[in-house]
$ cat upload_39.cif   # mmCIF, C-alpha atoms
data_run
#
loop_
_atom_site.group_PDB
_atom_site.id
_atom_site.type_symbol
_atom_site.label_atom_id
_atom_site.label_comp_id
_atom_site.auth_asym_id
_atom_site.auth_seq_id
_atom_site.Cartn_x
_atom_site.Cartn_y
_atom_site.Cartn_z
ATOM 1 C CA MET A 82 3.461 -23.789 10.758
ATOM 2 C CA SER A 83 2.712 -21.757 13.850
ATOM 3 C CA SER A 84 0.495 -22.566 16.800
ATOM 4 C CA HIS A 85 -2.461 -20.881 15.088
ATOM 5 C CA ASP A 86 -3.376 -23.828 12.925
ATOM 6 C CA SER A 87 -6.708 -24.967 14.337
ATOM 7 C CA PRO A 88 -9.702 -24.803 11.959
ATOM 8 C CA GLU A 89 -11.299 -22.079 14.133
ATOM 9 C CA GLU A 90 -8.154 -19.946 13.919
ATOM 10 C CA ILE A 91 -7.983 -20.427 10.163
ATOM 11 C CA LYS A 92 -11.645 -19.441 9.810
ATOM 12 C CA LYS A 93 -10.938 -16.262 11.761
ATOM 13 C CA ALA A 94 -7.904 -15.630 9.560
ATOM 14 C CA VAL A 95 -10.024 -15.990 6.410
ATOM 15 C CA LYS A 96 -12.353 -13.219 7.630
ATOM 16 C CA LEU A 97 -9.308 -11.068 8.284
ATOM 17 C CA TYR A 98 -7.969 -11.746 4.759
ATOM 18 C CA ILE A 99 -11.248 -10.520 3.268
ATOM 19 C CA GLY A 100 -11.031 -7.361 5.405
ATOM 20 C CA ILE A 101 -7.460 -6.719 4.238
ATOM 21 C CA PHE A 102 -8.596 -7.272 0.647
ATOM 22 C CA VAL A 103 -11.236 -4.547 0.953
ATOM 23 C CA ALA A 104 -8.689 -2.211 2.567
ATOM 24 C CA LEU A 105 -6.205 -2.820 -0.260
ATOM 25 C CA LEU A 106 -8.806 -2.091 -2.947
ATOM 26 C CA PHE A 107 -9.852 1.071 -1.113
ATOM 27 C CA LEU A 108 -6.233 2.275 -0.826
ATOM 28 C CA THR A 109 -5.717 1.596 -4.542
ATOM 29 C CA LEU A 110 -8.676 3.858 -5.330
ATOM 30 C CA VAL A 111 -7.240 6.497 -2.970
ATOM 31 C CA THR A 112 -3.874 6.446 -4.787
ATOM 32 C CA VAL A 113 -5.511 6.688 -8.193
ATOM 33 C CA GLY A 114 -7.933 9.378 -7.027
ATOM 34 C CA VAL A 115 -5.156 11.508 -5.568
ATOM 35 C CA SER A 116 -3.168 11.265 -8.809
ATOM 36 C CA TYR A 117 -5.985 13.104 -10.617
ATOM 37 C CA ILE A 118 -5.533 16.116 -8.330
ATOM 38 C CA HIS A 119 -2.023 16.718 -9.795
ATOM 39 C CA LEU A 120 -0.199 17.783 -6.637
ATOM 40 C CA SER A 121 3.344 19.126 -6.815
ATOM 41 C CA VAL A 122 5.874 16.387 -7.615
ATOM 42 C CA GLY A 123 7.310 16.247 -4.101
ATOM 43 C CA LYS A 124 3.926 15.963 -2.410
ATOM 44 C CA ALA A 125 2.626 13.462 -4.971
ATOM 45 C CA VAL A 126 5.668 11.193 -4.587
ATOM 46 C CA ALA A 127 5.514 11.338 -0.783
ATOM 47 C CA LEU A 128 1.793 10.566 -0.698
ATOM 48 C CA ALA A 129 1.941 7.789 -3.316
ATOM 49 C CA LEU A 130 4.848 6.069 -1.571
ATOM 50 C CA PHE A 131 3.148 6.474 1.799
ATOM 51 C CA VAL A 132 -0.027 4.756 0.603
ATOM 52 C CA ALA A 133 1.996 2.088 -1.245
ATOM 53 C CA SER A 134 3.942 1.398 1.948
ATOM 54 C CA ILE A 135 0.719 0.915 3.916
ATOM 55 C CA LYS A 136 -0.543 -1.500 1.256
ATOM 56 C CA ALA A 137 2.767 -3.354 1.180
ATOM 57 C CA SER A 138 2.733 -3.632 4.985
ATOM 58 C CA LEU A 139 -0.790 -5.081 4.932
ATOM 59 C CA VAL A 140 0.233 -7.693 2.352
ATOM 60 C CA ALA A 141 3.450 -8.566 4.208
ATOM 61 C CA LEU A 142 1.955 -8.657 7.714
ATOM 62 C CA PHE A 143 -1.200 -10.600 6.951
ATOM 63 C CA PHE A 144 -0.944 -12.459 3.631
ATOM 64 C CA MET A 145 2.726 -13.333 4.149
ATOM 65 C CA HIS A 146 2.097 -13.998 7.862
ATOM 66 C CA LEU A 147 4.863 -11.682 9.013
ATOM 67 C CA LYS A 148 2.686 -10.618 11.930
ATOM 68 C CA ASP A 149 3.576 -13.903 13.547
ATOM 69 C CA GLU A 150 6.790 -15.376 12.178
ATOM 70 C CA ARG A 151 10.056 -16.851 13.446
ATOM 71 C CA LYS A 152 13.138 -14.818 14.365
ATOM 72 C CA ILE A 153 15.210 -16.184 11.504
ATOM 73 C CA ILE A 154 12.718 -14.814 8.953
ATOM 74 C CA TYR A 155 12.699 -11.383 10.625
ATOM 75 C CA ALA A 156 16.501 -11.411 10.640
ATOM 76 C CA THR A 157 16.568 -12.221 6.911
ATOM 77 C CA ILE A 158 14.089 -9.468 6.071
ATOM 78 C CA GLY A 159 15.747 -7.007 8.456
ATOM 79 C CA LEU A 160 19.137 -7.403 6.812
ATOM 80 C CA THR A 161 17.554 -7.123 3.358
ATOM 81 C CA GLY A 162 15.650 -4.027 4.481
ATOM 82 C CA VAL A 163 18.848 -2.315 5.646
ATOM 83 C CA LEU A 164 20.580 -3.067 2.333
ATOM 84 C CA PHE A 165 17.530 -1.931 0.358
ATOM 85 C CA VAL A 166 17.262 1.375 2.239
ATOM 86 C CA PHE A 167 21.010 1.909 1.786
ATOM 87 C CA LEU A 168 20.675 1.316 -1.966
ATOM 88 C CA MET A 169 17.751 3.753 -2.250
ATOM 89 C CA SER A 170 19.607 6.347 -0.155
ATOM 90 C CA ILE A 171 22.757 6.342 -2.245
ATOM 91 C CA SER A 172 20.596 6.581 -5.384
ATOM 92 C CA MET A 173 18.864 9.663 -4.028
ATOM 93 C CA TYR A 174 21.660 11.518 -2.276
ATOM 94 C CA LEU A 175 24.876 10.676 -4.093
ATOM 95 C CA MET B 422 12.229 -40.424 2.689
ATOM 96 C CA SER B 423 13.226 -37.259 0.946
ATOM 97 C CA LEU B 424 16.655 -35.919 0.085
ATOM 98 C CA ILE B 425 16.150 -32.482 1.608
ATOM 99 C CA PRO B 426 15.556 -32.661 5.352
ATOM 100 C CA TYR B 427 12.991 -30.601 7.269
ATOM 101 C CA ILE B 428 10.648 -29.841 4.381
ATOM 102 C CA ASP B 429 7.469 -30.979 6.115
ATOM 103 C CA HIS B 430 8.380 -30.123 9.695
ATOM 104 C CA GLU B 431 10.279 -27.336 11.366
ATOM 105 C CA HIS B 432 14.048 -27.323 11.627
ATOM 106 C CA PRO B 433 15.015 -27.287 15.330
ATOM 107 C CA VAL B 434 17.466 -24.403 14.840
ATOM 108 C CA THR B 435 15.488 -22.029 12.596
ATOM 109 C CA GLY B 436 11.990 -22.937 13.801
ATOM 110 C CA VAL B 437 10.742 -22.998 10.194
ATOM 111 C CA THR B 438 10.841 -25.603 7.446
ATOM 112 C CA ASN B 439 13.856 -25.451 5.160
ATOM 113 C CA ALA B 440 11.437 -24.790 2.309
ATOM 114 C CA LYS B 441 10.094 -21.652 3.967
ATOM 115 C CA PHE B 442 13.541 -20.384 4.966
ATOM 116 C CA GLY B 443 14.681 -21.060 1.418
ATOM 117 C CA ILE B 444 11.847 -19.105 -0.208
ATOM 118 C CA TRP B 445 12.470 -16.155 2.119
ATOM 119 C CA LEU B 446 16.163 -16.108 1.210
ATOM 120 C CA PHE B 447 15.129 -16.160 -2.439
ATOM 121 C CA LEU B 448 12.694 -13.290 -1.861
ATOM 122 C CA ALA B 449 15.479 -11.352 -0.130
ATOM 123 C CA SER B 450 17.546 -11.648 -3.308
ATOM 124 C CA GLU B 451 14.495 -10.603 -5.314
ATOM 125 C CA VAL B 452 14.132 -7.450 -3.209
ATOM 126 C CA MET B 453 17.645 -6.458 -4.221
ATOM 127 C CA LEU B 454 17.015 -7.356 -7.879
ATOM 128 C CA PHE B 455 13.996 -5.058 -8.082
ATOM 129 C CA GLY B 456 15.801 -2.648 -5.754
ATOM 130 C CA ALA B 457 18.518 -2.242 -8.367
ATOM 131 C CA LEU B 458 15.868 -1.313 -10.933
ATOM 132 C CA PHE B 459 14.106 1.120 -8.568
ATOM 133 C CA SER B 460 17.502 2.659 -7.887
ATOM 134 C CA THR B 461 18.048 2.967 -11.637
ATOM 135 C CA TYR B 462 14.652 4.635 -11.951
ATOM 136 C CA ILE B 463 15.519 7.200 -9.255
ATOM 137 C CA ILE B 464 18.863 8.041 -10.858
ATOM 138 C CA LEU B 465 17.388 8.286 -14.364
ATOM 139 C CA ARG B 466 14.466 10.393 -13.221
ATOM 140 C CA THR B 467 16.396 12.800 -10.988
ATOM 141 C CA GLY B 468 19.005 13.225 -13.722
ATOM 142 C CA ALA B 469 16.525 13.773 -16.566
ATOM 143 C CA THR B 470 15.717 17.249 -17.846
ATOM 144 C CA VAL B 471 12.262 16.135 -18.983
ATOM 145 C CA TRP B 472 10.241 13.225 -17.657
ATOM 146 C CA PRO B 473 6.729 12.414 -18.853
ATOM 147 C CA HIS B 474 3.975 12.043 -16.273
ATOM 148 C CA GLY B 475 2.902 8.421 -16.269
ATOM 149 C CA TYR B 476 -0.725 9.465 -16.679
ATOM 150 C CA GLU B 477 0.098 11.259 -19.930
ATOM 151 C CA VAL B 478 1.504 8.184 -21.670
ATOM 152 C CA LEU B 479 0.044 5.182 -19.841
ATOM 153 C CA ASN B 480 -3.492 3.889 -19.484
ATOM 154 C CA ILE B 481 -4.479 4.531 -15.844
ATOM 155 C CA PRO B 482 -7.800 2.598 -15.907
ATOM 156 C CA MET B 483 -5.997 -0.481 -17.292
ATOM 157 C CA GLY B 484 -3.229 -0.143 -14.720
ATOM 158 C CA THR B 485 -5.773 0.275 -11.926
ATOM 159 C CA LEU B 486 -7.723 -2.757 -13.125
ATOM 160 C CA ASN B 487 -4.535 -4.816 -13.184
ATOM 161 C CA THR B 488 -3.678 -3.655 -9.669
ATOM 162 C CA ALA B 489 -7.097 -4.793 -8.462
ATOM 163 C CA ILE B 490 -6.697 -8.120 -10.307
ATOM 164 C CA LEU B 491 -3.300 -8.781 -8.739
ATOM 165 C CA ILE B 492 -4.543 -7.888 -5.259
ATOM 166 C CA THR B 493 -7.514 -10.228 -5.759
ATOM 167 C CA SER B 494 -5.186 -13.039 -6.852
ATOM 168 C CA SER B 495 -3.152 -12.502 -3.695
ATOM 169 C CA VAL B 496 -6.322 -13.020 -1.673
ATOM 170 C CA THR B 497 -7.359 -16.118 -3.622
ATOM 171 C CA ILE B 498 -3.962 -17.783 -3.155
ATOM 172 C CA VAL B 499 -3.993 -17.148 0.592
ATOM 173 C CA LEU B 500 -7.544 -18.570 0.683
ATOM 174 C CA ALA B 501 -6.262 -21.603 -1.259
ATOM 175 C CA TRP B 502 -3.651 -22.145 1.444
ATOM 176 C CA ALA B 503 -6.245 -21.651 4.199
ATOM 177 C CA ALA B 504 -8.487 -24.266 2.505
ATOM 178 C CA LEU B 505 -5.644 -26.791 2.643
ATOM 179 C CA LYS B 506 -5.089 -25.961 6.296
ATOM 180 C CA MET B 507 -8.746 -26.856 6.826
ATOM 181 C CA ARG B 508 -8.201 -30.014 4.770
ATOM 182 C CA GLN B 509 -10.581 -28.956 1.993
ATOM 183 C CA LEU B 510 -8.953 -29.990 -1.268
ATOM 184 C CA PRO B 511 -11.850 -29.022 -3.610
ATOM 185 C CA LYS B 512 -11.888 -25.520 -2.124
ATOM 186 C CA PHE B 513 -8.123 -25.308 -2.560
ATOM 187 C CA LYS B 514 -8.526 -26.210 -6.235
ATOM 188 C CA LEU B 515 -11.210 -23.581 -6.691
ATOM 189 C CA TYR B 516 -9.103 -20.779 -5.208
ATOM 190 C CA MET B 517 -5.873 -21.889 -6.859
ATOM 191 C CA GLY B 518 -7.736 -22.095 -10.177
ATOM 192 C CA LEU B 519 -9.028 -18.565 -9.642
ATOM 193 C CA THR B 520 -5.488 -17.405 -8.856
ATOM 194 C CA CYS B 521 -4.199 -18.848 -12.132
ATOM 195 C CA LEU B 522 -7.117 -17.355 -14.042
ATOM 196 C CA LEU B 523 -6.592 -13.887 -12.540
ATOM 197 C CA SER B 524 -2.855 -14.029 -13.311
ATOM 198 C CA LEU B 525 -3.628 -14.878 -16.922
ATOM 199 C CA ILE B 526 -6.061 -11.955 -17.135
ATOM 200 C CA PHE B 527 -3.305 -9.712 -15.757
ATOM 201 C CA LEU B 528 -1.004 -10.855 -18.567
ATOM 202 C CA VAL B 529 -3.675 -10.352 -21.229
ATOM 203 C CA ILE B 530 -4.266 -6.772 -20.045
ATOM 204 C CA LYS B 531 -0.508 -6.205 -19.953
ATOM 205 C CA TYR B 532 -0.329 -7.508 -23.523
ATOM 206 C CA PHE B 533 -2.943 -4.975 -24.661
ATOM 207 C CA GLU B 534 -1.057 -2.222 -22.862
ATOM 208 C CA TYR B 535 2.229 -3.167 -24.558
ATOM 209 C CA ALA B 536 0.471 -3.451 -27.932
ATOM 210 C CA ALA B 537 -0.981 0.059 -27.502
ATOM 211 C CA LYS B 538 2.474 1.424 -26.655
ATOM 212 C CA PHE B 539 4.016 -0.171 -29.733
ATOM 213 C CA HIS B 540 1.112 1.073 -31.828
ATOM 214 C CA HIS B 541 1.874 4.630 -30.709
ATOM 215 C CA GLY B 542 5.531 4.104 -31.503
ATOM 216 C CA TYR B 543 6.681 3.890 -27.889
ATOM 217 C CA TYR B 544 9.561 1.437 -27.597
ATOM 218 C CA PRO B 545 12.253 0.857 -24.979
ATOM 219 C CA ALA B 546 14.609 2.931 -27.167
ATOM 220 C CA THR B 547 12.150 5.869 -27.337
ATOM 221 C CA ASN B 548 13.376 7.545 -24.146
ATOM 222 C CA THR B 549 14.669 6.713 -20.672
ATOM 223 C CA TYR B 550 11.121 6.690 -19.262
ATOM 224 C CA PHE B 551 10.006 3.952 -21.642
ATOM 225 C CA ALA B 552 13.331 2.137 -21.217
ATOM 226 C CA ILE B 553 12.766 1.777 -17.462
ATOM 227 C CA TYR B 554 9.018 1.217 -17.954
ATOM 228 C CA PHE B 555 9.581 -1.774 -20.238
ATOM 229 C CA VAL B 556 12.418 -3.222 -18.146
ATOM 230 C CA ILE B 557 10.550 -3.054 -14.826
ATOM 231 C CA THR B 558 7.132 -4.166 -16.118
ATOM 232 C CA GLY B 559 8.827 -6.761 -18.350
ATOM 233 C CA LEU B 560 10.754 -8.299 -15.467
ATOM 234 C CA HIS B 561 7.613 -8.165 -13.342
ATOM 235 C CA GLY B 562 5.693 -9.872 -16.160
ATOM 236 C CA LEU B 563 8.301 -12.648 -16.270
ATOM 237 C CA HIS B 564 7.754 -13.119 -12.550
ATOM 238 C CA ILE B 565 4.014 -13.428 -13.206
ATOM 239 C CA ILE B 566 4.682 -16.105 -15.839
ATOM 240 C CA GLY B 567 6.963 -17.973 -13.436
ATOM 241 C CA GLY B 568 4.287 -17.824 -10.754
ATOM 242 C CA ILE B 569 1.628 -19.141 -13.130
ATOM 243 C CA VAL B 570 3.831 -22.129 -14.030
ATOM 244 C CA VAL B 571 4.329 -23.046 -10.364
ATOM 245 C CA ASN B 572 0.723 -22.353 -9.342
ATOM 246 C CA ALA B 573 -0.652 -24.335 -12.304
ATOM 247 C CA TYR B 574 1.635 -27.232 -11.370
ATOM 248 C CA LEU B 575 0.365 -27.147 -7.779
ATOM 249 C CA LEU B 576 -3.208 -26.997 -9.056
ATOM 250 C CA GLY B 577 -2.709 -29.874 -11.500
ATOM 251 C CA PRO B 578 -0.169 -32.725 -11.276
ATOM 252 C CA GLY B 579 1.507 -31.343 -8.159
ATOM 253 C CA SER B 580 -1.662 -31.727 -6.095
ATOM 254 C CA LYS B 581 -1.263 -35.531 -6.130
ATOM 255 C CA MET B 582 1.167 -35.018 -3.257
ATOM 256 C CA TYR B 583 -1.781 -34.026 -1.047
ATOM 257 C CA ALA B 584 -2.916 -37.663 -0.876
ATOM 258 C CA THR B 585 0.395 -38.933 0.466
ATOM 259 C CA GLU B 586 2.078 -35.935 2.136
ATOM 260 C CA PRO B 587 -0.554 -33.266 2.942
ATOM 261 C CA GLU B 588 1.760 -31.275 5.267
ATOM 262 C CA ARG B 589 4.507 -31.062 2.684
ATOM 263 C CA PHE B 590 2.016 -30.071 -0.018
ATOM 264 C CA THR B 591 0.506 -27.357 2.198
ATOM 265 C CA GLY B 592 4.045 -26.094 2.792
ATOM 266 C CA ARG B 593 4.634 -25.930 -0.952
ATOM 267 C CA VAL B 594 1.450 -23.936 -1.457
ATOM 268 C CA GLU B 595 2.494 -21.587 1.344
ATOM 269 C CA CYS B 596 5.874 -21.004 -0.340
ATOM 270 C CA ALA B 597 4.218 -20.435 -3.735
ATOM 271 C CA GLY B 598 1.890 -18.011 -1.961
ATOM 272 C CA LEU B 599 4.787 -16.102 -0.378
ATOM 273 C CA TYR B 600 6.337 -15.696 -3.815
ATOM 274 C CA TRP B 601 3.022 -14.618 -5.311
ATOM 275 C CA HIS B 602 2.438 -12.016 -2.576
ATOM 276 C CA PHE B 603 5.910 -10.675 -3.279
ATOM 277 C CA VAL B 604 5.062 -10.262 -6.979
ATOM 278 C CA ASP B 605 1.908 -8.415 -5.876
ATOM 279 C CA LEU B 606 3.982 -6.304 -3.484
ATOM 280 C CA VAL B 607 6.367 -5.248 -6.246
ATOM 281 C CA TRP B 608 3.418 -4.173 -8.384
ATOM 282 C CA ILE B 609 2.017 -2.118 -5.477
ATOM 283 C CA PHE B 610 5.128 0.086 -5.851
ATOM 284 C CA VAL B 611 5.535 -0.195 -9.629
ATOM 285 C CA PHE B 612 1.985 1.037 -10.299
ATOM 286 C CA PRO B 613 2.225 4.462 -8.590
ATOM 287 C CA ILE B 614 5.847 4.985 -9.609
ATOM 288 C CA LEU B 615 5.333 4.384 -13.326
ATOM 289 C CA TYR B 616 1.649 5.164 -13.864
ATOM 290 C CA LEU B 617 0.711 7.858 -11.399
ATOM 291 C CA LEU B 618 3.761 10.037 -10.772
#

$ encode --input "upload_39.cif" --output "C-alpha cells"
Amino acid sequence: MSSHDSPEEIKKAVKLYIGIFVALLFLTLVTVGVSYIHLSVGKAVALALFVASIKASLVALFFMHLKDERKIIYATIGLTGVLFVFLMSISMYL
Amino acid sequence: MSLIPYIDHEHPVTGVTNAKFGIWLFLASEVMLFGALFSTYIILRTGATVWPHGYEVLNIPMGTLNTAILITSSVTIVLAWAALKMRQLPKFKLYMGLTCLLSLIFLVIKYFEYAAKFHHGYYPATNTYFAIYFVITGLHGLHIIGGIVVNAYLLGPGSKMYATEPERFTGRVECAGLYWHFVDLVWIFVFPILYLL
C-alpha cells in the first residue's frame, strides 16, 4: 500500500526477493556448518543467534516490507521489541 | 459496503489499512507468546545440570531441509503477493499453490521427525529438553496448520474476491503473507536453539 506499487517497482522487488532467498539459504548452511565445529557453548550460542538475527532481519525488512512501512507499524513493533528484550533479560539475569 | 471500514484503503490516521494494522497487532501478541516459551527455554536450560546437545538427539539434515523448505515458502508467498500487485492471477495461484505444497511437505517431515523420536522412546515427559522441544515445535506446527488453512482458502474459494474487489483481496494475501513470514521467522530461531546448540 505504499507509493512503490508500479509494475516496474514490483518487478525490481521480485529480483530483490530472489536475492534475499539465496542469502537466507546461504546463512542457513553457515549456521549448520558452524554447528559441526563444536565451539564452546558461549561462542556457539552467540554465533548462532547472531546469524539467526541477520536472517530474521532480512525476512522482516524485505519480505514483511518493514524497510518501508508506516510509523504506526514501527511503533507497534518497537513496543513489542522492548517488552520482548525485557522478558529475555529477566530470564537470563534474574 | 463492508462492516469493517478501511480494509481496502488506508485509514487516514494510521496510514495503513485496518487489516494490516490488525495483523501486526496480532503478530505483536504472537511475539510475546513465543517469547514466553523462549524465556522458559532459557530458564530450563540455565538451571539444568545436564542438557543434551540438539545434534545428539535430533536429525540435523531433516531440520536443515525443513528450514530451507520454510524459507522457500516465504519466498513463494511474497511472489504470490507480487503477482497480484502486477494483476497476474494465474501466477498468484501458482505461487500460492507452491506455498501450500511446501508447508505440507514441512509438516510431513515434522511428522517423520516426531515418529522417530517416539520410536526411540523420547516423549515430552522424558526430560526438560524434550518437554520444551515438543511444546515449541508443536506450537509452531499448529501455526503452520493455521497458515495452510488460510493460504488454501485464499488459493481456492477465497480467490473469488479478486474478481470483485482486487485491492481488498491483495490486502488479504499481504496479511496472510505477513503471518507466514512470522512463522518462518520463529523457525529461524527455533532451529538453531533446539537443533544446533

$ interface_residues --input "upload_39.cif" --of "chain B" --to "chain A" --cutoff "6 Å" --atoms "only C-alpha atoms" --output "PyMOL selection string"
chain B and resi 435+449+460+464+507+599+606+609-610+617

$ resolve_selection --input "upload_39.cif" --expression "the PyMOL selection byres ((chain B and resi 560) around 12)" --output "MDAnalysis selection string"
chainID B and resid 451 454:455 458 553:559 561:567 604 607:608 611

$ residues_near_point --input "upload_39.cif" --point "(-1.8, -17.5, -0.8)" --cutoff "9 Å" --atoms "all atoms listed in the file" --output "compact mmCIF listing (two decimals) with C-alpha atoms, in the coordinates of the input"
# COMPACT_ATOMS: atom_id res chain seq x y z
CA PHE A 144 -0.94 -12.46 3.63
CA MET A 145 2.73 -13.33 4.15
CA SER B 494 -5.19 -13.04 -6.85
CA SER B 495 -3.15 -12.50 -3.70
CA VAL B 496 -6.32 -13.02 -1.67
CA THR B 497 -7.36 -16.12 -3.62
CA ILE B 498 -3.96 -17.78 -3.16
CA VAL B 499 -3.99 -17.15 0.59
CA LEU B 500 -7.54 -18.57 0.68
CA ALA B 501 -6.26 -21.60 -1.26
CA TRP B 502 -3.65 -22.14 1.44
CA ALA B 503 -6.24 -21.65 4.20
CA MET B 517 -5.87 -21.89 -6.86
CA THR B 520 -5.49 -17.40 -8.86
CA VAL B 594 1.45 -23.94 -1.46
CA GLU B 595 2.49 -21.59 1.34
CA CYS B 596 5.87 -21.00 -0.34
CA ALA B 597 4.22 -20.43 -3.74
CA GLY B 598 1.89 -18.01 -1.96
CA LEU B 599 4.79 -16.10 -0.38
CA TYR B 600 6.34 -15.70 -3.82
CA TRP B 601 3.02 -14.62 -5.31
CA HIS B 602 2.44 -12.02 -2.58

$ closest_residue --input "upload_39.cif" --among "B:Ala457, B:Leu576, B:Leu448, B:Lys441" --to "Lys512 (chain B)" --atoms "all atoms listed in the file"
B:Leu576

$ closest_residue --input "upload_39.cif" --among "B:Gly456, B:Ile463, B:Thr485, B:Gly468" --to "Leu108 (chain A)" --atoms "only C-alpha atoms"
B:Thr485

$ atom_distance --input "upload_39.cif" --atom1 "CA of Phe533 (chain B)" --atom2 "CA of Phe603 (chain B)"
23.8 Å

$ axis_aligned_box --input "upload_39.cif" --around "region 436-454 of chain B" --padding-each-side "5 Å" --output "JSON"
{"center_x": 13.9, "center_y": -16.0, "center_z": 3.0, "size_x": 17.6, "size_y": 29.1, "size_z": 31.7}

$ atom_distance --input "upload_39.cif" --atom1 "CA of Met453 (chain B)" --atom2 "CA of Phe612 (chain B)"
18.4 Å

$ decode --input "upload_39.cif" --residues "region 101-149 of chain A" --atoms "C-alpha atoms" --output "compact mmCIF listing (two decimals), in the first residue's frame"
# COMPACT_ATOMS: atom_id res chain seq x y z
CA ILE A 101 17.30 -12.40 -0.22
CA PHE A 102 16.23 -16.02 -0.71
CA VAL A 103 19.74 -17.02 -1.80
CA ALA A 104 21.23 -15.10 1.14
CA LEU A 105 18.90 -16.86 3.59
CA LEU A 106 19.79 -20.31 2.24
CA PHE A 107 23.49 -19.46 2.41
CA LEU A 108 23.19 -18.26 6.03
CA THR A 109 21.31 -21.46 6.93
CA LEU A 110 24.23 -23.50 5.58
CA VAL A 111 26.64 -21.29 7.55
CA THR A 112 24.74 -21.92 10.81
CA VAL A 113 24.61 -25.66 10.21
CA GLY A 114 28.25 -25.78 9.12
CA VAL A 115 29.43 -23.91 12.20
CA SER A 116 27.50 -26.27 14.47
CA TYR A 117 29.69 -29.16 13.26
CA ILE A 118 32.80 -27.38 14.56
CA HIS A 119 31.51 -27.75 18.17
CA LEU A 120 32.63 -24.41 19.58
CA SER A 121 32.35 -23.69 23.30
CA VAL A 122 28.73 -23.18 24.39
CA GLY A 123 29.06 -19.42 24.84
CA LYS A 124 30.64 -18.86 21.43
CA ALA A 125 28.23 -21.24 19.69
CA VAL A 126 25.16 -19.54 21.19
CA ALA A 127 26.45 -16.06 20.34
CA LEU A 128 27.28 -17.02 16.75
CA ALA A 129 24.04 -18.95 16.14
CA LEU A 130 21.90 -16.12 17.50
CA PHE A 131 23.90 -13.57 15.52
CA VAL A 132 23.31 -15.39 12.24
CA ALA A 133 19.65 -16.04 13.14
CA SER A 134 19.20 -12.33 13.84
CA ILE A 135 20.63 -11.42 10.43
CA LYS A 136 18.25 -13.89 8.77
CA ALA A 137 15.30 -12.61 10.79
CA SER A 138 16.18 -9.02 9.85
CA LEU A 139 16.29 -9.93 6.15
CA VAL A 140 12.87 -11.58 6.36
CA ALA A 141 11.37 -8.69 8.36
CA LEU A 142 12.90 -5.87 6.30
CA PHE A 143 12.23 -7.24 2.84
CA PHE A 144 9.55 -9.95 2.89
CA MET A 145 7.49 -8.17 5.55
CA HIS A 146 8.23 -4.78 3.93
CA LEU A 147 9.49 -3.23 7.15
CA LYS A 148 12.12 -1.37 5.15
CA ASP A 149 9.38 0.98 4.08
